[in-house]
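Some notes on the structure that comes next.
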Amino acid sequence: MNENQLKNMEIFKNITEDEIKEMNAAGIFRERTYQKEEAIFHAGDTTREIGLLLSGSAHIENHDLWGNKTILSDIMPGQIFAEVYAFLGTEPMRVDVTAKEESQVVFLHVGHVLSDLERGENWKIKMHHNLLMLAARKNLVLSDRIFLTSSKSIRGRVLSYLSMMTIEKQSKEFDIPFNRQQLADYLSVNRSALSNELGKMQEEGLITFRHNHFVIRESDFQFVYGGN
């Protein structure tokens, strides 16, 4: 495992390469590669490990008893997942985590992070701080998700999502991390209905798009980030 690759992840912010080597020597990490569409975690699993995505991409998904799938979050390299379940330990996961493509994952066992806190290893203090910041950011993402699905109309959900992407990218032109089916799953709408609505919005001059590349055309979107 490449310690230099790990130190660039936000969870290791201000943690030195030597400290990461110390953690590795203590057996905190294990590494695994997943193929496209392979499950990293299943709903119902319990875990004491936080997933750290080194390469590739993954989705956090919910599957109901009738086979419907909703994409709750997109995981990109450098991001973590399953941290809440890892700290709870015995709580069954409510979601699946699935690799979108061949993906390399490092798992960090939280038992080592929580144990012997009185010893005051410097890396443990820094990691606790980093995990708190990441948890706060995850809470914001979940709040965005609730906001996105609050609209009853497909157009309302699309407009909310594109507005959020405009804020995130600070631009009216950007790529989204989903193909059309994945975007439909993320917004909890029918794919054909979504494609139809996007086509209407393009005809009306609100947006232009090709595959996952979008350009906002409507001047009313200027309020989103103050651009021109």
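Naming works like this for the structure tokens: A, B, ... for the chains as they're shown, residue 1 at the start of each chain, ligands 1 onward in shown order.
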
#### Entry: Spatial neighbours of Gly199 in chain A, max dist 9 Å, only C-alpha atoms, sep filter under 5 positions, as a PyMOL selection string
chain A and resi 194+204+208

### Task
Just the strand (DSSP E) stuff from range 42-133 of chain A, please, per backbone DSSP, written as a PyMOL selection string.
chain A and resi 49-55+58-63+69-75+80-81+96-99+103-109

### Query
Neighbours of Leu132 in chain A within 12 Å (only C-alpha atoms; same-chain residues fewer than 4 positions away dropped), as a ChimeraX atom specification?
/A:10-11,83-84,125-128,136-139

#### Entry: Residue with smallest distance to Phe147 in chain A - pool A:Leu134, A:Val189, A:Met164, A:Val97, counting only C-alpha atoms
A:Met164
